[in-house]
Amino acid sequence: MMPHQRFRALARVVYYRLPLSQRTKWHLRERLQPLLAALRDSPDLTGLTQGLAGVIRHPRGQANGNALRDNGREHALAQILQSLARHASAHGPVRHWIALPFLATGGAEMVALNLCRTLRQLRPNQSVALLITDRKLVSERMVLPEGVQLVVFDDHLGEDLSYARKQALLRDLLLAAQPECFHNINSEVAWHLILAEGERLKRFTKLFASIFAFQFALDGHKKIGYAAYFLKQGMPHLSGLLSDNQRFIDDAAREYELPDEERARMGVLYQPCRLLHGIGRELGRQRLAQRRQRLTEASGQRGRPQILWAGRLDAEKRIDLFLEVVRRCTFADFRVFGQVVLEEGAVLPALPNLSCEGPFSSPMEWLERFDFDAFVFTSRWEGMPNILIEAGALGIPVIAPTVGGVGELVSLDTGYPLPECPSIGDYEQALRAVIESPQEAIARADQMLERVLAHHNWDSFVKTVERIPGYVGQRLVDAQVVPAPGGNLEEVKPLVSVVIPCYNQARYLPQSIASALAACSHSLEIIVVDDGSTDRKTAHYLSEAEQMAPGVVRIHRQANQGLSGARNSGIALARGAFIQLLDADDLLAPGKIDAQVAQLQVNPGLDVSVSNFLLCDESRSDFSKPEEAIAQFDFTEQDFLYRWERGFAIPIHCGVFRRRVFEEVRFDTHARAKEDWLFWTSLAMAGTRFGYIHGHWAMYRQHEGSMRRSYVNMGRSWLQTGLKIDGMLAGREPLFFESVVSWFEQCYRSNPAYQQEIASLQTKVAGESSRTLASTALSPVSGHSQTVNAEDLISRLERRGWTGVKPFISVVIPVYNHYEHLERCIGSIAEQEGIQLEIVCVDDASPDQRVTEFMRALQDRLPYLKIIIHPLNLGISRSLNDAVTAATGEFVAFLDGCGLFFYRSFRCK
């Protein structure tokens, strides 16, 4: 063994024996990934030096964490989505995704390909993506079924091939495409993602996994591998866990004490034998019949027994045990078929009764030169080995230990079962039994063949897959195949329409239009809506804009209708299947539209693609990244109602929309600000399906002219928009407007800039008029016409001449809106004579801000007029209780805010 081989073997032993948690070991391996990769490519001192340098240069978790954009990962995501979109245009939507660590020739790979074929058979107008996530190993002998797209992560991620980065890319892909089903078959990258983010991912896609067997450390006792590391933690996130044998299901449920609900989501999927089609279906019977005939004709004259061993030659398959059997059983010749994957440079020893026949593509190759008497199987652990099923289908007697699910196939009736930890003597005894009683061996092989035909045929496999709850998904009766770029549809009209509303910002158009052209390689139209601009230079800028891309840029001029009206006009003119909205002063990153159109083409069920964004200054020289204000959210209705501006916001140009979205929802032309919140929320309430694509593809320009600079205006618009949304909810979310007011208090009213703006307004008002409601109110939200005269009402109350003695009656008035009735209501109390009264008003956070302004104008003006203002709506009962608590009269009377007392209602008799 070479030095580097000894090093790797030693490292493997140390890794499994370290007294650390598995999670810590995973972090350690991730940290050492550059070293391991370098040694794999260059197993010498140079590789060791380069690997150690990589460990030092790329500390775990810091490779891209501080960068504004991980351009490599973002472009990898875009590239994969675009390749899947091209695939979908030819084969149908990519609804089912399967992940493998690599694509060799083993049993897990056969399971994946069998599922791919089945899914294409059951849903021929849908396609499948096969992801190779852990390392770049793709066997040329594995032929993909038609309609299956292969995606190898290593081909897209450049030099940084860490598992952490691959895990992030896989998450980005699943969030972007939202496939109907994602099935992990032995991908460690995928398992880590399921454990870390399965709770979120299962909201978008059904998560499945396959585990086939328990694996064991070198001591033969400690459980390691997928079941030990992932099963118990992963089950809560999975819609189903599939295995190829019943024993593993039963043992795992017992080992990890799984609850009944999780146990019910585990199922057996016996794999089909690839030989059972065409002439292969009868090959086993023909071979057994021929052997019976030869036994009769030979009458005792037989050559040396021929024994077959086939599979992957590695340590897990107990090659050491097999070689000892060969050395012991010199009465037979052993033929080995398979690829050697032992330590690099290792070969099988030269033994007189052993020959290595090399790799094979089909089990049919076993019989081209040999007529085997028995198949010998050795393995530390197993599920249900495909190699045994194939040997059984060919009518070859099988000798195998009953590890894993082998006992479900090999019994005393169907073969020669051995103990799970067999000795060399056990194999010798079984081999002698086959040789000495060939008729019995043929009888058992015949029973094995019948079992394979009954349980491992293709039709049975397809029916079982179809019965798995949630796995295959619904049929797409009217599945639309999106034409590939360059198709006839694109020659008729553009695929994409970019709508740019412009009001006195035409100077930015060269930049925004150039960014749109760089963002899209599809057929494109750019519609600039001049919304009645008053800037004299606008005409010049618009003319220049048209010349930037003649035939692509179109100018539409209209009288001023506001931002929402301009957007609606552009949308009405748009001819593309996909629409990109872009404000004149904002920018798109190169490739943005291409990536998002691909996302929508991969999954026709998505209505809107949403990317992330960066902030930039006026000159585009300084870029910054806000906290991930989009990536961590799922775009639920609750997100738009209760989290907008509170860590969650989507600039409009982050989206790419299907045209159908605007058939039901347009921009509210009455909104002069917060129109985006109203629009996005309306989409969510209409059941629009959003998909997030990772990437900071939009640039939001910040400059002094932004409307959001006025906190008073924006605070007022926040409340007004909240009222509109509350009306749309029609009582379905009773606490919604309370959350609106609460955020107004936290974000707007308490902001120093807001207070400064209010102070400036108060100074201006005070200088223009005498004492009025507007100048005395402390409310920061104004802008409503004030028709109630607070000063006149105060004068009327003062004329009653009520003294400061304890009142006889306290009149309690719960106030909630009813602005137009309040002056008359309170004024009716002023008309009462001959009795000492006290008035207690409680404003229970009226949505009508005029009510709050009026209450504040009355507050602290008279000793017998008490005003209580709730910052949040607490309900009528709480309002009445608070008023009664504040009341000091001997008696209490109640009067609704919309009611009144008749003259002398309290006259004493």
# chains A, B, ... in the order shown; residues from 1 in each chain; ligands from 1
$ select_by_dssp --residues "stretch 188-390 of chain A" --states "strand (DSSP E or B)" --output "MDAnalysis selection string"
chainID A and resid 206:210 215:216 223:224 240:243 266:268 306:310 313 333:337 340 354:358 374:376
$ residues_around --residues "stretch 647-664 of chain A" --least-positions-apart "6" --cutoff "7 Å" --atoms "only C-alpha atoms" --output "number ranges by chain"
A: 577-582, 596, 607-613, 629-630, 676, 698
$ write_last_selection --atoms "all heavy atoms" --output "short mmCIF file (atom, residue, chain, number, x, y, z; two decimals), in the first residue's frame"
data_model
loop_
_atom_site.label_atom_id
_atom_site.label_comp_id
_atom_site.auth_asym_id
_atom_site.auth_seq_id
_atom_site.Cartn_x
_atom_site.Cartn_y
_atom_site.Cartn_z
N ALA A 577 -45.42 37.29 -22.48
CA ALA A 577 -45.98 36.30 -21.55
C ALA A 577 -45.51 36.56 -20.13
O ALA A 577 -46.17 36.16 -19.17
CB ALA A 577 -45.58 34.89 -21.99
N PHE A 578 -44.36 37.23 -20.00
CA PHE A 578 -43.81 37.56 -18.69
C PHE A 578 -43.60 39.08 -18.62
O PHE A 578 -43.19 39.69 -19.62
CB PHE A 578 -42.49 36.83 -18.44
CG PHE A 578 -42.60 35.34 -18.58
CD1 PHE A 578 -42.20 34.70 -19.74
CD2 PHE A 578 -43.12 34.56 -17.55
CE1 PHE A 578 -42.31 33.33 -19.89
CE2 PHE A 578 -43.23 33.19 -17.68
CZ PHE A 578 -42.83 32.57 -18.84
N ILE A 579 -43.86 39.65 -17.46
CA ILE A 579 -43.78 41.11 -17.30
C ILE A 579 -42.82 41.45 -16.17
O ILE A 579 -42.93 40.91 -15.06
CB ILE A 579 -45.17 41.71 -17.03
CG1 ILE A 579 -46.08 41.49 -18.26
CG2 ILE A 579 -45.08 43.19 -16.68
CD1 ILE A 579 -47.49 41.99 -18.09
N GLN A 580 -41.89 42.34 -16.48
CA GLN A 580 -40.94 42.88 -15.50
C GLN A 580 -41.29 44.35 -15.29
O GLN A 580 -41.32 45.13 -16.24
CB GLN A 580 -39.51 42.76 -16.03
CG GLN A 580 -38.47 43.59 -15.29
CD GLN A 580 -38.09 43.00 -13.94
OE1 GLN A 580 -37.51 41.94 -13.87
NE2 GLN A 580 -38.42 43.72 -12.88
N LEU A 581 -41.58 44.74 -14.04
CA LEU A 581 -41.82 46.14 -13.70
C LEU A 581 -40.52 46.74 -13.19
O LEU A 581 -39.81 46.13 -12.38
CB LEU A 581 -42.91 46.23 -12.64
CG LEU A 581 -44.28 45.67 -13.05
CD1 LEU A 581 -45.24 45.68 -11.87
CD2 LEU A 581 -44.86 46.45 -14.22
N LEU A 582 -40.22 47.96 -13.65
CA LEU A 582 -38.95 48.59 -13.29
C LEU A 582 -39.16 50.09 -13.20
O LEU A 582 -39.51 50.73 -14.19
CB LEU A 582 -37.88 48.28 -14.35
CG LEU A 582 -36.52 48.96 -14.19
CD1 LEU A 582 -35.84 48.51 -12.90
CD2 LEU A 582 -35.63 48.65 -15.40
N GLN A 596 -35.14 34.37 -13.99
CA GLN A 596 -36.48 34.28 -13.43
C GLN A 596 -37.48 33.70 -14.42
O GLN A 596 -38.39 32.97 -14.03
CB GLN A 596 -36.92 35.65 -12.93
CG GLN A 596 -36.11 36.11 -11.71
CD GLN A 596 -36.56 37.43 -11.16
OE1 GLN A 596 -36.09 38.48 -11.59
NE2 GLN A 596 -37.47 37.40 -10.20
N ASP A 607 -46.65 31.65 -10.29
CA ASP A 607 -47.17 32.86 -10.93
C ASP A 607 -46.17 34.00 -10.95
O ASP A 607 -46.14 34.80 -11.89
CB ASP A 607 -48.43 33.33 -10.19
CG ASP A 607 -49.52 32.28 -10.20
OD1 ASP A 607 -49.91 31.83 -11.28
OD2 ASP A 607 -50.00 31.92 -9.11
N VAL A 608 -45.37 34.09 -9.88
CA VAL A 608 -44.45 35.23 -9.73
C VAL A 608 -43.10 34.70 -9.25
O VAL A 608 -43.04 33.91 -8.30
CB VAL A 608 -44.98 36.27 -8.72
CG1 VAL A 608 -44.03 37.45 -8.63
CG2 VAL A 608 -46.38 36.74 -9.11
N SER A 609 -42.05 35.16 -9.89
CA SER A 609 -40.69 34.90 -9.42
C SER A 609 -40.19 36.13 -8.68
O SER A 609 -40.33 37.25 -9.17
CB SER A 609 -39.76 34.58 -10.60
OG SER A 609 -38.40 34.64 -10.20
N VAL A 610 -39.60 35.93 -7.51
CA VAL A 610 -39.11 37.03 -6.69
C VAL A 610 -37.63 36.82 -6.38
O VAL A 610 -37.25 35.77 -5.85
CB VAL A 610 -39.90 37.14 -5.36
CG1 VAL A 610 -39.36 38.29 -4.51
CG2 VAL A 610 -41.39 37.33 -5.63
N SER A 611 -36.81 37.81 -6.71
CA SER A 611 -35.38 37.75 -6.39
C SER A 611 -35.08 38.65 -5.20
O SER A 611 -35.94 39.37 -4.71
CB SER A 611 -34.56 38.21 -7.60
OG SER A 611 -34.61 39.63 -7.73
N ASN A 612 -33.84 38.62 -4.77
CA ASN A 612 -33.38 39.52 -3.71
C ASN A 612 -32.82 40.79 -4.35
O ASN A 612 -32.80 40.93 -5.57
CB ASN A 612 -32.35 38.83 -2.82
CG ASN A 612 -32.52 39.19 -1.37
OD1 ASN A 612 -32.80 40.33 -1.03
ND2 ASN A 612 -32.35 38.21 -0.49
N PHE A 613 -32.33 41.72 -3.55
CA PHE A 613 -31.89 43.01 -4.09
C PHE A 613 -30.74 43.59 -3.29
O PHE A 613 -30.47 43.19 -2.15
CB PHE A 613 -33.06 44.00 -4.11
CG PHE A 613 -33.55 44.42 -2.74
CD1 PHE A 613 -33.15 45.62 -2.17
CD2 PHE A 613 -34.41 43.61 -2.01
CE1 PHE A 613 -33.59 46.01 -0.92
CE2 PHE A 613 -34.86 43.98 -0.75
CZ PHE A 613 -34.46 45.19 -0.20
N ALA A 629 -33.95 40.53 3.63
CA ALA A 629 -35.33 40.95 3.86
C ALA A 629 -36.33 40.16 3.04
O ALA A 629 -37.52 40.39 3.14
CB ALA A 629 -35.47 42.44 3.54
N ILE A 630 -35.87 39.25 2.22
CA ILE A 630 -36.76 38.45 1.38
C ILE A 630 -36.51 36.96 1.58
O ILE A 630 -37.45 36.17 1.72
CB ILE A 630 -36.59 38.83 -0.10
CG1 ILE A 630 -37.02 40.28 -0.32
CG2 ILE A 630 -37.40 37.91 -1.00
CD1 ILE A 630 -36.84 40.77 -1.75
N ASP A 676 -47.07 49.45 -3.34
CA ASP A 676 -46.48 48.12 -3.48
C ASP A 676 -47.02 47.17 -2.41
O ASP A 676 -47.31 46.00 -2.70
CB ASP A 676 -44.95 48.21 -3.38
CG ASP A 676 -44.33 48.81 -4.62
OD1 ASP A 676 -45.09 49.17 -5.54
OD2 ASP A 676 -43.09 48.92 -4.68
N ALA A 698 -31.68 42.57 -8.31
CA ALA A 698 -32.28 43.90 -8.47
C ALA A 698 -31.48 44.93 -7.67
O ALA A 698 -30.96 44.62 -6.59
CB ALA A 698 -33.74 43.89 -8.01
#
$ residues_around --residues "A:Ala78" --least-positions-apart "3" --cutoff "8 Å" --atoms "only C-alpha atoms" --output "ChimeraX atom specification"
/A:74-75,81-82,594-595,598
$ write_last_selection --atoms "N, CA, C and O atoms" --output "mmCIF file, in the first residue's frame"
data_model
loop_
_atom_site.group_PDB
_atom_site.id
_atom_site.type_symbol
_atom_site.label_atom_id
_atom_site.label_comp_id
_atom_site.auth_asym_id
_atom_site.auth_seq_id
_atom_site.Cartn_x
_atom_site.Cartn_y
_atom_site.Cartn_z
ATOM 1 N N GLU A 74 -25.009 32.220 -7.357
ATOM 2 C CA GLU A 74 -26.168 32.802 -8.029
ATOM 3 C C GLU A 74 -26.189 32.421 -9.502
ATOM 4 O O GLU A 74 -27.242 32.071 -10.054
ATOM 5 N N HIS A 75 -25.030 32.470 -10.154
ATOM 6 C CA HIS A 75 -24.989 32.118 -11.566
ATOM 7 C C HIS A 75 -25.126 30.608 -11.769
ATOM 8 O O HIS A 75 -25.674 30.168 -12.788
ATOM 9 N N LEU A 81 -31.220 26.409 -13.725
ATOM 10 C CA LEU A 81 -32.622 26.673 -14.037
ATOM 11 C C LEU A 81 -32.823 26.842 -15.542
ATOM 12 O O LEU A 81 -33.828 26.362 -16.092
ATOM 13 N N GLN A 82 -31.896 27.496 -16.207
ATOM 14 C CA GLN A 82 -32.047 27.686 -17.644
ATOM 15 C C GLN A 82 -31.909 26.362 -18.386
ATOM 16 O O GLN A 82 -32.626 26.112 -19.372
ATOM 17 N N ASP A 594 -33.569 36.528 -17.435
ATOM 18 C CA ASP A 594 -33.342 35.169 -17.942
ATOM 19 C C ASP A 594 -33.497 34.135 -16.835
ATOM 20 O O ASP A 594 -34.129 33.094 -17.018
ATOM 21 N N ALA A 595 -32.899 34.412 -15.674
ATOM 22 C CA ALA A 595 -32.960 33.467 -14.568
ATOM 23 C C ALA A 595 -34.395 33.279 -14.081
ATOM 24 O O ALA A 595 -34.840 32.153 -13.810
ATOM 25 N N ALA A 598 -36.642 31.452 -16.578
ATOM 26 C CA ALA A 598 -36.335 30.020 -16.511
ATOM 27 C C ALA A 598 -37.026 29.377 -15.309
ATOM 28 O O ALA A 598 -37.571 28.267 -15.408
#
$ closest_atom_pairs --of "stretch 605-701 of chain A" --to "stretch 558-562 of chain A" --cutoff "9 Å" --atoms "only C-alpha atoms" --output "JSON lines"
{"residue": "A:Thr669", "atom": "CA", "partner": "A:Gly562", "partner_atom": "CA", "distance": 7.0}
{"residue": "A:His670", "atom": "CA", "partner": "A:Gly562", "partner_atom": "CA", "distance": 8.6}
{"residue": "A:Ala671", "atom": "CA", "partner": "A:Gly562", "partner_atom": "CA", "distance": 8.5}
{"residue": "A:Arg672", "atom": "CA", "partner": "A:Gly562", "partner_atom": "CA", "distance": 6.9}
$ residues_around --residues "A:Tyr700" --least-positions-apart "2" --cutoff "10 Å" --atoms "only C-alpha atoms" --output "PyMOL selection string"
chain A and resi 583+585-588+613-618+620+623-624+651-654+698+702-703
$ select_by_dssp --residues "stretch 573-652 of chain A" --states "alpha helix (DSSP H)" --output "PyMOL selection string"
chain A and resi 573+592-602+637-642
$ residues_around --residues "stretch 716-718 of chain A" --least-positions-apart "2" --cutoff "8 Å" --atoms "only C-alpha atoms" --output "PyMOL selection string"
chain A and resi 671-674+712-714+720-722+740+744+781-782
$ write_last_selection --atoms "all heavy atoms" --output "mmCIF file, in the first residue's frame"
data_model
loop_
_atom_site.group_PDB
_atom_site.id
_atom_site.type_symbol
_atom_site.label_atom_id
_atom_site.label_comp_id
_atom_site.auth_asym_id
_atom_site.auth_seq_id
_atom_site.Cartn_x
_atom_site.Cartn_y
_atom_site.Cartn_z
ATOM 1 N N ALA A 671 -53.895 55.117 -4.559
ATOM 2 C CA ALA A 671 -52.774 55.090 -3.612
ATOM 3 C C ALA A 671 -51.620 55.903 -4.176
ATOM 4 O O ALA A 671 -51.194 55.693 -5.313
ATOM 5 C CB ALA A 671 -52.330 53.657 -3.351
ATOM 6 N N ARG A 672 -51.118 56.848 -3.391
ATOM 7 C CA ARG A 672 -49.983 57.658 -3.809
ATOM 8 C C ARG A 672 -48.692 57.206 -3.142
ATOM 9 O O ARG A 672 -47.622 57.716 -3.444
ATOM 10 C CB ARG A 672 -50.256 59.126 -3.490
ATOM 11 C CG ARG A 672 -51.356 59.716 -4.348
ATOM 12 C CD ARG A 672 -50.932 59.830 -5.802
ATOM 13 N NE ARG A 672 -52.018 60.235 -6.684
ATOM 14 C CZ ARG A 672 -51.870 60.554 -7.949
ATOM 15 N NH1 ARG A 672 -50.662 60.500 -8.490
ATOM 16 N NH2 ARG A 672 -52.900 60.891 -8.696
ATOM 17 N N ALA A 673 -48.780 56.307 -2.227
ATOM 18 C CA ALA A 673 -47.615 55.695 -1.588
ATOM 19 C C ALA A 673 -48.087 54.371 -0.984
ATOM 20 O O ALA A 673 -49.286 54.133 -0.852
ATOM 21 C CB ALA A 673 -47.017 56.600 -0.518
ATOM 22 N N LYS A 674 -47.152 53.525 -0.643
ATOM 23 C CA LYS A 674 -47.441 52.190 -0.116
ATOM 24 C C LYS A 674 -48.245 51.363 -1.119
ATOM 25 O O LYS A 674 -48.889 50.383 -0.751
ATOM 26 C CB LYS A 674 -48.209 52.266 1.218
ATOM 27 C CG LYS A 674 -47.505 53.081 2.286
ATOM 28 C CD LYS A 674 -46.159 52.486 2.643
ATOM 29 C CE LYS A 674 -45.472 53.312 3.731
ATOM 30 N NZ LYS A 674 -44.113 52.835 4.035
ATOM 31 N N VAL A 712 -43.859 61.817 7.686
ATOM 32 C CA VAL A 712 -45.261 62.140 7.935
ATOM 33 C C VAL A 712 -46.128 61.626 6.799
ATOM 34 O O VAL A 712 -47.153 60.971 7.016
ATOM 35 C CB VAL A 712 -45.439 63.661 8.117
ATOM 36 C CG1 VAL A 712 -46.928 64.022 8.110
ATOM 37 C CG2 VAL A 712 -44.810 64.108 9.427
ATOM 38 N N ASN A 713 -45.717 61.896 5.566
ATOM 39 C CA ASN A 713 -46.486 61.413 4.423
ATOM 40 C C ASN A 713 -46.549 59.892 4.399
ATOM 41 O O ASN A 713 -47.601 59.304 4.139
ATOM 42 C CB ASN A 713 -45.874 61.927 3.118
ATOM 43 C CG ASN A 713 -46.101 63.404 2.928
ATOM 44 O OD1 ASN A 713 -47.001 63.988 3.531
ATOM 45 N ND2 ASN A 713 -45.275 64.030 2.094
ATOM 46 N N MET A 714 -45.415 59.263 4.640
ATOM 47 C CA MET A 714 -45.388 57.812 4.575
ATOM 48 C C MET A 714 -46.150 57.185 5.737
ATOM 49 O O MET A 714 -46.791 56.151 5.590
ATOM 50 C CB MET A 714 -43.943 57.309 4.541
ATOM 51 C CG MET A 714 -43.155 57.804 3.324
ATOM 52 S SD MET A 714 -43.993 57.496 1.749
ATOM 53 C CE MET A 714 -43.816 55.730 1.619
ATOM 54 N N GLN A 720 -53.475 54.712 5.906
ATOM 55 C CA GLN A 720 -54.518 54.680 4.895
ATOM 56 C C GLN A 720 -54.526 53.346 4.139
ATOM 57 O O GLN A 720 -55.587 52.757 3.899
ATOM 58 C CB GLN A 720 -54.327 55.838 3.917
ATOM 59 C CG GLN A 720 -54.581 57.211 4.533
ATOM 60 C CD GLN A 720 -54.152 58.350 3.629
ATOM 61 O OE1 GLN A 720 -53.368 58.148 2.691
ATOM 62 N NE2 GLN A 720 -54.651 59.540 3.898
ATOM 63 N N THR A 721 -53.336 52.864 3.799
ATOM 64 C CA THR A 721 -53.257 51.579 3.102
ATOM 65 C C THR A 721 -53.700 50.446 4.014
ATOM 66 O O THR A 721 -54.372 49.505 3.574
ATOM 67 C CB THR A 721 -51.826 51.330 2.605
ATOM 68 O OG1 THR A 721 -51.407 52.437 1.802
ATOM 69 C CG2 THR A 721 -51.741 50.054 1.790
ATOM 70 N N GLY A 722 -53.309 50.554 5.295
ATOM 71 C CA GLY A 722 -53.765 49.549 6.247
ATOM 72 C C GLY A 722 -55.276 49.470 6.327
ATOM 73 O O GLY A 722 -55.870 48.392 6.429
ATOM 74 N N VAL A 740 -51.236 47.334 12.353
ATOM 75 C CA VAL A 740 -50.884 48.491 11.519
ATOM 76 C C VAL A 740 -50.604 49.706 12.396
ATOM 77 O O VAL A 740 -49.604 50.414 12.220
ATOM 78 C CB VAL A 740 -52.026 48.793 10.518
ATOM 79 C CG1 VAL A 740 -51.761 50.103 9.779
ATOM 80 C CG2 VAL A 740 -52.172 47.647 9.522
ATOM 81 N N PHE A 744 -47.119 51.754 13.105
ATOM 82 C CA PHE A 744 -47.077 53.193 12.898
ATOM 83 C C PHE A 744 -46.445 53.883 14.109
ATOM 84 O O PHE A 744 -45.609 54.775 13.962
ATOM 85 C CB PHE A 744 -48.491 53.728 12.658
ATOM 86 C CG PHE A 744 -48.587 55.229 12.723
ATOM 87 C CD1 PHE A 744 -48.144 56.008 11.678
ATOM 88 C CD2 PHE A 744 -49.103 55.856 13.850
ATOM 89 C CE1 PHE A 744 -48.218 57.395 11.736
ATOM 90 C CE2 PHE A 744 -49.178 57.232 13.922
ATOM 91 C CZ PHE A 744 -48.737 58.005 12.861
ATOM 92 N N VAL A 781 -50.570 62.760 12.719
ATOM 93 C CA VAL A 781 -51.184 62.444 11.447
ATOM 94 C C VAL A 781 -52.298 63.431 11.187
ATOM 95 O O VAL A 781 -53.263 63.484 11.928
ATOM 96 C CB VAL A 781 -51.745 61.003 11.444
ATOM 97 C CG1 VAL A 781 -52.421 60.723 10.108
ATOM 98 C CG2 VAL A 781 -50.636 60.024 11.714
ATOM 99 N N SER A 782 -52.150 64.246 10.184
ATOM 100 C CA SER A 782 -53.197 65.173 9.796
ATOM 101 C C SER A 782 -53.466 64.981 8.327
ATOM 102 O O SER A 782 -53.076 64.003 7.745
ATOM 103 C CB SER A 782 -52.767 66.605 10.112
ATOM 104 O OG SER A 782 -51.578 66.903 9.416
#
$ closest_residue --among "A:Asn568, A:Thr534, A:Gln599, A:Ser795" --to "A:Leu77" --atoms "only C-alpha atoms"
A:Gln599
$ atom_distance --atom1 "atom CA of A:Gln246" --atom2 "atom CA of A:Ile211"
11.5 Å
$ closest_residue --among "A:Ser210, A:Thr763, A:Thr538, A:Thr378" --to "A:Asn504" --atoms "only C-alpha atoms"
A:Thr538
$ residues_around --residues "stretch 419-430 of chain A" --least-positions-apart "3" --cutoff "6 Å" --atoms "only C-alpha atoms" --output "list of chain:residue names"
A:Val325, A:Pro401, A:Thr402, A:Val403, A:Ala433
$ closest_residue --among "A:Phe337, A:Trp97, A:Phe377, A:Trp644" --to "A:Glu365" --atoms "only C-alpha atoms"
A:Phe337
$ atom_distance --atom1 "atom CA of A:Ser564" --atom2 "atom CA of A:Phe667"
5.2 Å
$ decode --residues "stretch 464-468 of chain A" --atoms "all heavy atoms" --output "mmCIF file, in the first residue's frame"
data_model
loop_
_atom_site.group_PDB
_atom_site.id
_atom_site.type_symbol
_atom_site.label_atom_id
_atom_site.label_comp_id
_atom_site.auth_asym_id
_atom_site.auth_seq_id
_atom_site.Cartn_x
_atom_site.Cartn_y
_atom_site.Cartn_z
ATOM 1 N N THR A 464 -46.858 -0.156 -7.457
ATOM 2 C CA THR A 464 -46.504 0.215 -6.084
ATOM 3 C C THR A 464 -46.113 1.683 -5.998
ATOM 4 O O THR A 464 -46.513 2.399 -5.075
ATOM 5 C CB THR A 464 -45.355 -0.674 -5.566
ATOM 6 O OG1 THR A 464 -45.731 -2.047 -5.675
ATOM 7 C CG2 THR A 464 -45.046 -0.355 -4.111
ATOM 8 N N VAL A 465 -45.316 2.151 -6.964
ATOM 9 C CA VAL A 465 -44.919 3.560 -6.978
ATOM 10 C C VAL A 465 -46.157 4.451 -7.088
ATOM 11 O O VAL A 465 -46.276 5.472 -6.394
ATOM 12 C CB VAL A 465 -43.951 3.839 -8.149
ATOM 13 C CG1 VAL A 465 -43.714 5.341 -8.304
ATOM 14 C CG2 VAL A 465 -42.628 3.121 -7.926
ATOM 15 N N GLU A 466 -47.090 4.065 -7.928
ATOM 16 C CA GLU A 466 -48.285 4.873 -8.143
ATOM 17 C C GLU A 466 -49.136 4.961 -6.887
ATOM 18 O O GLU A 466 -49.852 5.945 -6.679
ATOM 19 C CB GLU A 466 -49.104 4.304 -9.294
ATOM 20 C CG GLU A 466 -50.177 5.220 -9.806
ATOM 21 C CD GLU A 466 -50.807 4.730 -11.081
ATOM 22 O OE1 GLU A 466 -50.737 3.501 -11.350
ATOM 23 O OE2 GLU A 466 -51.356 5.550 -11.824
ATOM 24 N N ARG A 467 -49.037 3.952 -6.016
ATOM 25 C CA ARG A 467 -49.845 3.937 -4.790
ATOM 26 C C ARG A 467 -49.195 4.688 -3.637
ATOM 27 O O ARG A 467 -49.821 4.876 -2.589
ATOM 28 C CB ARG A 467 -50.130 2.494 -4.362
ATOM 29 C CG ARG A 467 -51.101 1.754 -5.260
ATOM 30 C CD ARG A 467 -51.597 0.480 -4.581
ATOM 31 N NE ARG A 467 -50.520 -0.463 -4.318
ATOM 32 C CZ ARG A 467 -50.176 -1.449 -5.142
ATOM 33 N NH1 ARG A 467 -50.841 -1.624 -6.274
ATOM 34 N NH2 ARG A 467 -49.183 -2.266 -4.841
ATOM 35 N N ILE A 468 -47.952 5.114 -3.762
ATOM 36 C CA ILE A 468 -47.286 5.829 -2.668
ATOM 37 C C ILE A 468 -47.957 7.189 -2.496
ATOM 38 O O ILE A 468 -47.982 7.998 -3.431
ATOM 39 C CB ILE A 468 -45.786 6.024 -2.963
ATOM 40 C CG1 ILE A 468 -45.085 4.670 -3.102
ATOM 41 C CG2 ILE A 468 -45.124 6.841 -1.855
ATOM 42 C CD1 ILE A 468 -43.653 4.777 -3.590
#
